[in-house]
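In what follows, a structure is listed as structure tokens, so that the remarks can point back to it.
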Amino acid sequence: MFIFLRQLLRVLRRCLPRGRAPRLDGARRWLDKHIEECDFKIAVSRFAAARRDRPRWRRKFALWWRRHLSIFKRRRRRDGQSKLLVVGLAAAILPVVVAIHFGREVKEKKDEPAFEEIYRSQNGAPLVRIVYISDWDSSVATAYLNAQILRTRLAAEVLLKPLPLTRLAEAWAQLATNRADVFFSGWMPTQAEFARQAGERVARLGTLATDARLGLAVPQWMDVETLADLAAGGGVIYAIDPDSKLSHLTRRAIEDYGLTRWRLDERNEPYLWDKLREAEREHQPVVVTAWTPHALFAEFPLKFLADPRGIYGDSDTINIYAATPFIGMFEELSGFFRREKLTMTEYAELLRAIQGDGDIVTQIKIWLDDHQPLIDEWLRKK
């Protein structure tokens, strides 16, 4: 349309007299300007149409990039303000946090009971906190045994604190930090590193039992004395869990002693008990993995085979350890723990007792009734 008008003006300019030409020239220039703008708009519209015809993923990417680029630009502009804001907030909050922390510490120290009150129950009786390993029958048995004696014969209150074997280190840490008082399962030298870390905060009161060991055991009537003697025969060695330390050592013993005709049958402890009962009933030779203290030795006449190569290691002693402050406060109780001793036969009988019918406290009471002279010897005063 604009182009048609421009051409029309050119024709009129030629037809009109010269005096009217300047006005027509101004109208033509006006038309030329709008024609150029119109051409630009047409070009822009065509470009926009071309952009709309781009692949969809390219359009989405372009939109995402423009949006996030603007966000990045705004973030750069705000970075300086944000840093100043964070520093200002930290400067305002830090004094409040410090004041609350120290105020709480002061309150805790103010409310903290006197040192002597930790070892006294509500009725004023001595309070003994016994930590033990719930996965070990030997640890469970001695903890409940001592708890019963302390309550009935020494007028003390007892708090039992069980821990799984995976937290054995924590048992020692509780002694060292005055969160527990006595531990009856300090196997030495196996746990020597824990005792070293505890230092002077924990002290050994006495040895509860000696000759705690691992190895292979056979009925006493079998004519073998050492692991090397087994090489002359063959059969099955009944063991416990394949992942246990005892089973790992037994596999090494089979290799080192050349027990090629022996097969290792690794199941679990109840299976091992069944095989021992079957062998005793039929008077058949049998070889089992064993350890002391264990209830097996109370029910079956077993003996350990000597281990000249030392594959199973030396025997351990089971010691009683106590927190140093507890020892200084309760001399009578500490003396009782020092005199407490068990043979492996007595230990095995105790472990066999807690596996009987009824709850563990009832079984412990029965065992105590059957061993009164031994308990009286522990309680005597020097």
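Each chain in the structure tokens gets a letter, A, B and so on, in the order shown; residues start at 1 in every chain, and ligands are counted from 1 in the order they appear.
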
Within 12 Å of A:Arg167, counting only C-alpha atoms, which residues show up once you throw out same-chain ones fewer than 6 positions away? Write them as a list in words, please. Val131, Tyr132, Ile133, Ser134, Asp135, Ala173, Gln174 and Phe194 of chain A

Using the selection just defined, write its residues with C-alpha atoms as a JSON list (two decimals), in the first residue's frame.
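result_35.json written:
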```json
[["chain", "number", "residue", "atom", "x", "y", "z"],
["A", 131, "VAL", "CA", 28.70, -53.83, 82.81],
["A", 132, "TYR", "CA", 28.73, -57.14, 80.90],
["A", 133, "ILE", "CA", 28.74, -58.55, 77.36],
["A", 134, "SER", "CA", 25.30, -59.89, 76.51],
["A", 135, "ASP", "CA", 26.66, -62.14, 73.70],
["A", 173, "ALA", "CA", 35.25, -46.78, 78.28],
["A", 174, "GLN", "CA", 32.37, -46.82, 80.77],
["A", 194, "PHE", "CA", 41.65, -51.76, 76.13]]
```

Report as a Markdown table: every residue of stretch 265-369 of chain A with an atom at most 12 Å from stretch 224-229 of chain A, its closest pair of atoms, and their distance in Å to one decimal, counting only C-alpha atoms, with rows sorted by chain and ascending residue number.
```
| residue | atom | partner | partner_atom | distance |
| --- | --- | --- | --- | --- |
| A:Pro285 | CA | A:Val224 | CA | 10.4 |
| A:Val286 | CA | A:Val224 | CA | 11.3 |
| A:Val287 | CA | A:Leu227 | CA | 10.5 |
| A:Val288 | CA | A:Leu227 | CA | 12.0 |
| A:Thr289 | CA | A:Leu227 | CA | 11.9 |
| A:Leu302 | CA | A:Glu225 | CA | 11.7 |
| A:Lys303 | CA | A:Glu225 | CA | 8.7 |
| A:Phe304 | CA | A:Glu225 | CA | 8.0 |
| A:Leu305 | CA | A:Thr226 | CA | 4.6 |
| A:Ala306 | CA | A:Thr226 | CA | 4.3 |
| A:Asp307 | CA | A:Leu227 | CA | 6.0 |
| A:Pro308 | CA | A:Thr226 | CA | 7.7 |
| A:Arg309 | CA | A:Leu227 | CA | 9.3 |
| A:Gly310 | CA | A:Leu227 | CA | 10.6 |
| A:Ile311 | CA | A:Leu227 | CA | 10.3 |
| A:Tyr312 | CA | A:Leu227 | CA | 11.0 |
```

Those same residues - N, CA and C atoms - I'd like them written as a PDB file, in the first residue's frame.
```pdb
ATOM      1  N   PRO A 285      34.052 -92.235  68.661  1.00  0.00           N
ATOM      2  CA  PRO A 285      35.012 -91.121  68.718  1.00  0.00           C
ATOM      3  C   PRO A 285      34.446 -89.877  68.022  1.00  0.00           C
ATOM      4  N   VAL A 286      34.774 -88.731  68.543  1.00  0.00           N
ATOM      5  CA  VAL A 286      34.281 -87.485  67.987  1.00  0.00           C
ATOM      6  C   VAL A 286      35.293 -86.380  68.277  1.00  0.00           C
ATOM      7  N   VAL A 287      35.410 -85.432  67.346  1.00  0.00           N
ATOM      8  CA  VAL A 287      36.305 -84.276  67.500  1.00  0.00           C
ATOM      9  C   VAL A 287      35.463 -83.015  67.301  1.00  0.00           C
ATOM     10  N   VAL A 288      35.575 -82.089  68.232  1.00  0.00           N
ATOM     11  CA  VAL A 288      34.784 -80.851  68.147  1.00  0.00           C
ATOM     12  C   VAL A 288      35.678 -79.649  68.443  1.00  0.00           C
ATOM     13  N   THR A 289      35.278 -78.494  67.892  1.00  0.00           N
ATOM     14  CA  THR A 289      35.917 -77.251  68.321  1.00  0.00           C
ATOM     15  C   THR A 289      35.325 -76.860  69.677  1.00  0.00           C
ATOM     16  N   LEU A 302      35.312 -84.185  78.396  1.00  0.00           N
ATOM     17  CA  LEU A 302      36.140 -83.803  77.255  1.00  0.00           C
ATOM     18  C   LEU A 302      37.536 -83.397  77.716  1.00  0.00           C
ATOM     19  N   LYS A 303      38.471 -83.443  76.770  1.00  0.00           N
ATOM     20  CA  LYS A 303      39.828 -82.945  77.022  1.00  0.00           C
ATOM     21  C   LYS A 303      40.314 -82.210  75.775  1.00  0.00           C
ATOM     22  N   PHE A 304      41.127 -81.191  75.990  1.00  0.00           N
ATOM     23  CA  PHE A 304      41.723 -80.466  74.877  1.00  0.00           C
ATOM     24  C   PHE A 304      42.914 -81.249  74.327  1.00  0.00           C
ATOM     25  N   LEU A 305      43.105 -81.167  73.009  1.00  0.00           N
ATOM     26  CA  LEU A 305      44.290 -81.729  72.390  1.00  0.00           C
ATOM     27  C   LEU A 305      45.399 -80.684  72.398  1.00  0.00           C
ATOM     28  N   ALA A 306      46.603 -81.135  72.741  1.00  0.00           N
ATOM     29  CA  ALA A 306      47.739 -80.214  72.787  1.00  0.00           C
ATOM     30  C   ALA A 306      48.013 -79.638  71.402  1.00  0.00           C
ATOM     31  N   ASP A 307      48.498 -78.413  71.386  1.00  0.00           N
ATOM     32  CA  ASP A 307      48.742 -77.681  70.140  1.00  0.00           C
ATOM     33  C   ASP A 307      50.201 -77.219  70.117  1.00  0.00           C
ATOM     34  N   PRO A 308      51.134 -78.119  69.721  1.00  0.00           N
ATOM     35  CA  PRO A 308      52.561 -77.757  69.761  1.00  0.00           C
ATOM     36  C   PRO A 308      52.911 -76.550  68.884  1.00  0.00           C
ATOM     37  N   ARG A 309      52.220 -76.348  67.809  1.00  0.00           N
ATOM     38  CA  ARG A 309      52.524 -75.241  66.903  1.00  0.00           C
ATOM     39  C   ARG A 309      51.922 -73.912  67.391  1.00  0.00           C
ATOM     40  N   GLY A 310      51.097 -73.947  68.400  1.00  0.00           N
ATOM     41  CA  GLY A 310      50.520 -72.725  68.957  1.00  0.00           C
ATOM     42  C   GLY A 310      49.546 -72.005  68.038  1.00  0.00           C
ATOM     43  N   ILE A 311      48.846 -72.768  67.205  1.00  0.00           N
ATOM     44  CA  ILE A 311      47.902 -72.153  66.263  1.00  0.00           C
ATOM     45  C   ILE A 311      46.752 -71.481  67.005  1.00  0.00           C
ATOM     46  N   TYR A 312      46.269 -72.122  68.059  1.00  0.00           N
ATOM     47  CA  TYR A 312      45.138 -71.567  68.803  1.00  0.00           C
ATOM     48  C   TYR A 312      45.552 -70.533  69.853  1.00  0.00           C
TER      49      TYR A 312
END
```

Quick one: of A:Asp314, A:Ser138, A:Thr166, A:Tyr144, who's nearest to A:Arg352, counting only C-alpha atoms? A:Ser138

Would you kindly return, as a count of residues only, each protein, DNA or RNA residue with an atom no farther than 6 Å from any atom of stretch 319-322 of chain A, considering only C-alpha atoms and excluding same-chain residues fewer than 6 positions away? 12

Show which residues sit within 6 Å of A:Val236, as a PyMOL selection string. Count only C-alpha atoms, and ignore same-chain residues fewer than 5 positions away. chain A and resi 262-264

With C-alpha atoms retained, export the selected residues as a PDB file, in the first residue's frame.
```pdb
ATOM      1  CA  TRP A 262      39.486 -84.873  58.204  1.00  0.00           C
ATOM      2  CA  ARG A 263      36.488 -82.884  56.988  1.00  0.00           C
ATOM      3  CA  LEU A 264      35.286 -79.739  58.779  1.00  0.00           C
TER       4      LEU A 264
END
```

For the helix (DSSP H, G or I) assignment from backbone DSSP, which residues of stretch 89-295 of chain A qualify? Please present them as a VMD selection string. chain A and resid 89 to 111 115 to 119 137 to 153 165 to 176 192 to 201 227 to 232 245 to 256 269 to 282

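Distance annotation: of A:Leu159, A:Ala298, A:Ala323, A:Met188, the residue with the minimal separation from A:Tyr347 is A:Ala298; atom set is only C-alpha atoms.
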
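Note that atom CA of A:Leu333 and atom CA of A:Gly199 are 21.8 Å apart.
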
Would you mind listing what lies within 9 Å of A:Leu246 as a PyMOL selection string, with only C-alpha atoms counted and same-chain residues fewer than 6 positions away left out? chain A and resi 214-215+239-240+289-291+312
